[in-house]
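Quick look at data04.txt (compact mmCIF, N, CA and C atoms):
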# COMPACT_ATOMS: atom_id res chain seq x y z
N MET V 22 -3.63 -27.29 -57.91
CA MET V 22 -4.77 -26.88 -57.11
C MET V 22 -4.60 -27.35 -55.68
N ASN V 23 -4.97 -26.49 -54.77
CA ASN V 23 -4.90 -26.94 -53.38
C ASN V 23 -6.27 -27.49 -52.95
N ASP V 24 -6.37 -27.89 -51.72
CA ASP V 24 -7.59 -28.53 -51.23
C ASP V 24 -8.79 -27.59 -51.26
N LEU V 25 -8.59 -26.31 -50.98
CA LEU V 25 -9.69 -25.36 -50.97
C LEU V 25 -10.29 -25.20 -52.36
N ASP V 26 -9.42 -25.11 -53.37
CA ASP V 26 -9.91 -24.98 -54.74
C ASP V 26 -10.71 -26.21 -55.16
N ARG V 27 -10.23 -27.39 -54.79
CA ARG V 27 -10.95 -28.61 -55.13
C ARG V 27 -12.31 -28.67 -54.43
N ALA V 28 -12.33 -28.27 -53.17
CA ALA V 28 -13.59 -28.30 -52.41
C ALA V 28 -14.59 -27.31 -52.99
N LEU V 29 -14.12 -26.13 -53.38
CA LEU V 29 -15.02 -25.14 -53.97
C LEU V 29 -15.53 -25.59 -55.34
N ALA V 30 -14.67 -26.25 -56.11
CA ALA V 30 -15.10 -26.76 -57.42
C ALA V 30 -16.15 -27.85 -57.24
N ARG V 31 -15.96 -28.73 -56.24
CA ARG V 31 -16.94 -29.77 -55.97
C ARG V 31 -18.27 -29.17 -55.52
N LEU V 32 -18.21 -28.13 -54.69
CA LEU V 32 -19.41 -27.47 -54.21
C LEU V 32 -20.15 -26.76 -55.34
N ALA V 33 -19.40 -26.19 -56.27
CA ALA V 33 -20.03 -25.50 -57.40
C ALA V 33 -20.75 -26.49 -58.31
N GLY V 34 -20.24 -27.68 -58.42
CA GLY V 34 -20.85 -28.68 -59.29
C GLY V 34 -21.95 -29.48 -58.63
N ALA V 35 -22.11 -29.35 -57.33
CA ALA V 35 -23.11 -30.13 -56.60
C ALA V 35 -24.51 -29.56 -56.86
N PRO V 36 -25.53 -30.40 -56.83
CA PRO V 36 -26.90 -29.90 -57.02
C PRO V 36 -27.35 -29.09 -55.80
N VAL V 37 -28.28 -28.20 -56.03
CA VAL V 37 -28.81 -27.35 -54.95
C VAL V 37 -29.66 -28.21 -54.03
N PRO V 38 -29.44 -28.15 -52.72
CA PRO V 38 -30.27 -28.93 -51.78
C PRO V 38 -31.74 -28.52 -51.87
N ALA V 39 -32.61 -29.47 -51.66
CA ALA V 39 -34.06 -29.21 -51.76
C ALA V 39 -34.53 -28.24 -50.67
N ALA V 40 -33.84 -28.21 -49.55
CA ALA V 40 -34.24 -27.32 -48.45
C ALA V 40 -34.05 -25.84 -48.82
N LEU V 41 -33.17 -25.57 -49.78
CA LEU V 41 -32.93 -24.19 -50.19
C LEU V 41 -33.87 -23.72 -51.29
N GLU V 42 -34.71 -24.61 -51.76
CA GLU V 42 -35.65 -24.25 -52.82
C GLU V 42 -36.68 -23.26 -52.28
N GLY V 43 -36.78 -22.12 -52.86
CA GLY V 43 -37.75 -21.11 -52.45
C GLY V 43 -37.39 -20.36 -51.19
N ILE V 44 -36.12 -20.38 -50.80
CA ILE V 44 -35.73 -19.70 -49.56
C ILE V 44 -35.84 -18.18 -49.70
N GLU V 45 -35.65 -17.66 -50.92
CA GLU V 45 -35.76 -16.22 -51.11
C GLU V 45 -37.17 -15.74 -50.76
N ASP V 46 -38.16 -16.49 -51.22
CA ASP V 46 -39.55 -16.11 -50.94
C ASP V 46 -39.86 -16.16 -49.44
N GLN V 47 -39.31 -17.15 -48.77
CA GLN V 47 -39.53 -17.27 -47.33
C GLN V 47 -38.89 -16.10 -46.58
N VAL V 48 -37.69 -15.74 -46.97
CA VAL V 48 -36.99 -14.63 -46.30
C VAL V 48 -37.74 -13.32 -46.54
N LEU V 49 -38.13 -13.07 -47.78
CA LEU V 49 -38.84 -11.83 -48.08
C LEU V 49 -40.20 -11.77 -47.37
N ALA V 50 -40.85 -12.90 -47.21
CA ALA V 50 -42.13 -12.93 -46.50
C ALA V 50 -41.93 -12.60 -45.02
N ARG V 51 -40.87 -13.13 -44.43
CA ARG V 51 -40.60 -12.83 -43.01
C ARG V 51 -40.19 -11.39 -42.81
N ILE V 52 -39.45 -10.84 -43.77
CA ILE V 52 -39.07 -9.43 -43.67
C ILE V 52 -40.31 -8.55 -43.76
N GLY V 53 -41.25 -8.93 -44.61
CA GLY V 53 -42.47 -8.15 -44.76
C GLY V 53 -43.36 -8.19 -43.54
N THR V 54 -43.27 -9.24 -42.74
CA THR V 54 -44.13 -9.35 -41.56
C THR V 54 -43.48 -8.82 -40.29
N ARG V 55 -42.26 -8.34 -40.37
CA ARG V 55 -41.60 -7.80 -39.18
C ARG V 55 -42.33 -6.56 -38.71
N PRO V 56 -42.49 -6.40 -37.41
CA PRO V 56 -43.16 -5.19 -36.91
C PRO V 56 -42.28 -3.96 -37.14
N VAL V 57 -42.93 -2.85 -37.38
CA VAL V 57 -42.21 -1.60 -37.60
C VAL V 57 -41.70 -1.11 -36.26
N VAL V 58 -40.44 -0.74 -36.22
CA VAL V 58 -39.83 -0.24 -34.99
C VAL V 58 -40.31 1.18 -34.76
N ARG V 59 -40.84 1.43 -33.59
CA ARG V 59 -41.34 2.76 -33.26
C ARG V 59 -40.18 3.68 -32.96
N GLN V 60 -40.24 4.87 -33.45
CA GLN V 60 -39.19 5.86 -33.19
C GLN V 60 -39.26 6.31 -31.74
N ALA V 61 -38.12 6.62 -31.17
CA ALA V 61 -38.05 7.07 -29.78
C ALA V 61 -38.21 8.59 -29.75
N GLY V 62 -39.37 9.08 -30.11
CA GLY V 62 -39.60 10.51 -30.24
C GLY V 62 -39.53 11.27 -28.93
N LEU V 63 -40.36 10.91 -27.96
CA LEU V 63 -40.43 11.67 -26.73
C LEU V 63 -39.16 11.52 -25.89
N GLY V 64 -38.66 10.31 -25.77
CA GLY V 64 -37.45 10.10 -24.97
C GLY V 64 -36.23 10.79 -25.56
N LEU V 65 -36.08 10.67 -26.87
CA LEU V 65 -34.95 11.31 -27.53
C LEU V 65 -35.07 12.83 -27.46
N GLY V 66 -36.28 13.34 -27.60
CA GLY V 66 -36.50 14.78 -27.51
C GLY V 66 -36.18 15.31 -26.13
N ALA V 67 -36.58 14.57 -25.09
CA ALA V 67 -36.31 15.00 -23.72
C ALA V 67 -34.81 15.03 -23.43
N VAL V 68 -34.12 14.02 -23.90
CA VAL V 68 -32.67 13.97 -23.69
C VAL V 68 -31.99 15.12 -24.45
N THR V 69 -32.46 15.40 -25.65
CA THR V 69 -31.87 16.49 -26.44
C THR V 69 -32.10 17.83 -25.76
N ILE V 70 -33.31 18.06 -25.26
CA ILE V 70 -33.60 19.33 -24.59
C ILE V 70 -32.78 19.46 -23.31
N ALA V 71 -32.64 18.37 -22.56
CA ALA V 71 -31.84 18.42 -21.34
C ALA V 71 -30.38 18.73 -21.64
N ALA V 72 -29.83 18.12 -22.68
CA ALA V 72 -28.44 18.39 -23.04
C ALA V 72 -28.27 19.82 -23.51
N LEU V 73 -29.22 20.32 -24.27
CA LEU V 73 -29.15 21.69 -24.74
C LEU V 73 -29.24 22.67 -23.57
N ALA V 74 -30.13 22.40 -22.62
CA ALA V 74 -30.25 23.27 -21.45
C ALA V 74 -28.97 23.27 -20.63
N MET V 75 -28.37 22.11 -20.44
CA MET V 75 -27.11 22.04 -19.69
C MET V 75 -26.02 22.83 -20.38
N GLY V 76 -25.98 22.77 -21.71
CA GLY V 76 -24.97 23.52 -22.45
C GLY V 76 -25.17 25.02 -22.33
N VAL V 77 -26.41 25.46 -22.43
CA VAL V 77 -26.70 26.90 -22.34
C VAL V 77 -26.39 27.40 -20.94
N ILE V 78 -26.83 26.66 -19.92
CA ILE V 78 -26.57 27.07 -18.53
C ILE V 78 -25.07 27.07 -18.25
N GLY V 79 -24.37 26.06 -18.72
CA GLY V 79 -22.92 26.01 -18.51
C GLY V 79 -22.18 27.12 -19.21
N ALA V 80 -22.68 27.56 -20.34
CA ALA V 80 -22.02 28.66 -21.05
C ALA V 80 -22.29 29.99 -20.39
N GLU V 81 -23.42 30.11 -19.69
CA GLU V 81 -23.77 31.38 -19.06
C GLU V 81 -23.14 31.56 -17.69
N LEU V 82 -22.76 30.49 -17.02
CA LEU V 82 -22.16 30.62 -15.69
C LEU V 82 -20.80 31.29 -15.81
N PRO V 83 -20.52 32.21 -14.90
CA PRO V 83 -19.21 32.88 -14.98
C PRO V 83 -18.09 31.92 -14.62
N ALA V 84 -17.03 32.04 -15.34
CA ALA V 84 -15.86 31.20 -15.07
C ALA V 84 -15.02 31.86 -13.98
N THR V 85 -14.32 31.07 -13.22
CA THR V 85 -13.45 31.62 -12.19
C THR V 85 -12.22 32.22 -12.85
N ALA V 86 -11.78 33.30 -12.30
CA ALA V 86 -10.61 33.98 -12.86
C ALA V 86 -9.37 33.15 -12.58
N SER V 87 -8.58 32.94 -13.59
CA SER V 87 -7.35 32.18 -13.40
C SER V 87 -6.18 33.16 -13.49
N PRO V 88 -5.13 32.89 -12.77
CA PRO V 88 -3.98 33.80 -12.82
C PRO V 88 -3.36 33.80 -14.21
N VAL V 89 -2.85 34.97 -14.59
CA VAL V 89 -2.21 35.11 -15.89
C VAL V 89 -0.86 34.42 -15.83
N VAL V 90 -0.65 33.52 -16.77
CA VAL V 90 0.59 32.77 -16.82
C VAL V 90 1.40 33.27 -18.00
N SER V 91 2.66 33.55 -17.75
CA SER V 91 3.53 34.02 -18.81
C SER V 91 3.93 32.85 -19.70
N LEU V 92 3.90 33.08 -20.99
CA LEU V 92 4.29 32.03 -21.91
C LEU V 92 5.79 32.03 -22.17
N ALA V 93 6.48 33.09 -21.74
CA ALA V 93 7.93 33.15 -21.92
C ALA V 93 8.59 32.16 -20.96
N PRO V 94 9.57 31.43 -21.40
CA PRO V 94 10.16 30.40 -20.54
C PRO V 94 10.90 30.96 -19.34
N LEU V 95 11.45 32.14 -19.42
CA LEU V 95 12.23 32.68 -18.31
C LEU V 95 11.61 33.93 -17.72
N GLY V 96 10.33 34.10 -17.85
CA GLY V 96 9.68 35.27 -17.28
C GLY V 96 9.04 36.11 -18.36
N GLY V 97 9.04 37.43 -18.13
CA GLY V 97 8.41 38.36 -19.05
C GLY V 97 9.15 38.45 -20.37
N SER V 98 8.68 39.34 -21.24
CA SER V 98 9.32 39.48 -22.54
C SER V 98 10.69 40.13 -22.37
N SER V 99 11.62 39.67 -23.10
CA SER V 99 12.99 40.15 -23.01
C SER V 99 13.24 41.20 -24.08
N PRO V 100 13.88 42.32 -23.74
CA PRO V 100 14.19 43.32 -24.76
C PRO V 100 15.26 42.84 -25.74
N LEU V 101 15.95 41.76 -25.40
CA LEU V 101 16.98 41.23 -26.29
C LEU V 101 16.52 40.01 -27.09
N ALA V 102 15.23 39.74 -27.04
CA ALA V 102 14.71 38.62 -27.81
C ALA V 102 14.80 38.94 -29.31
N PRO V 103 15.09 37.97 -30.16
CA PRO V 103 15.23 38.23 -31.60
C PRO V 103 13.99 38.88 -32.20
N SER V 104 12.81 38.49 -31.75
CA SER V 104 11.60 39.09 -32.32
C SER V 104 11.51 40.57 -31.95
N THR V 105 11.92 40.93 -30.72
CA THR V 105 11.90 42.33 -30.31
C THR V 105 12.97 43.12 -31.06
N LEU V 106 14.14 42.54 -31.27
CA LEU V 106 15.20 43.25 -31.97
C LEU V 106 14.87 43.45 -33.44
N LEU V 107 14.21 42.50 -34.07
CA LEU V 107 13.87 42.65 -35.47
C LEU V 107 12.79 43.71 -35.71
N ILE V 108 11.84 43.82 -34.79
CA ILE V 108 10.79 44.81 -34.94
C ILE V 108 11.34 46.21 -34.65
N GLY V 109 12.27 46.30 -33.74
CA GLY V 109 12.88 47.59 -33.40
C GLY V 109 12.15 48.30 -32.29
N GLU V 110 11.23 47.63 -31.62
CA GLU V 110 10.53 48.23 -30.50
C GLU V 110 10.99 47.57 -29.22
N PRO V 111 11.16 48.34 -28.15
CA PRO V 111 11.57 47.74 -26.89
C PRO V 111 10.48 46.96 -26.21
I'd like the structure from this file rewritten - as structure tokens, please.
Amino acid sequence: MNDLDRALARLAGAPVPAALEGIEDQVLARIGTRPVVRQAGLGLGAVTIAALAMGVIGAELPATASPVVSLAPLGGSSPLAPSTLLIGEP
């Protein structure tokens, strides 16, 4: 056995301190007397509506036209590309 095992065995065999007598009742009594936390109804609702409005307005605004970028590494589509040759269309 190492020192931790011996210490835990000693602690398990020790009598319960008098200060811990009835602590469950004290804790449950304090939990019962805690004030109820009020929900953030109006503030949370206002933030939600503002975020929703920003999203709708942002989706409705026209986007600026961006130039068309070719995805081919060397320019436009090549008539000799394997995909073009396999399909048989130029």
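Atom to atom, atom CA of Gln47 of chain V and atom CA of Leu29 of chain V stand 26.6 Å apart.
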*May I ask for the distance between atom CA of Gly79 of chain V and atom C of Gly64 of chain V, given in Å to one decimal place?*
21.4 Å
_Distance in Å - atom C of Ala33 of chain V versus atom CA of Ile52 of chain V_ = 29.0 Å
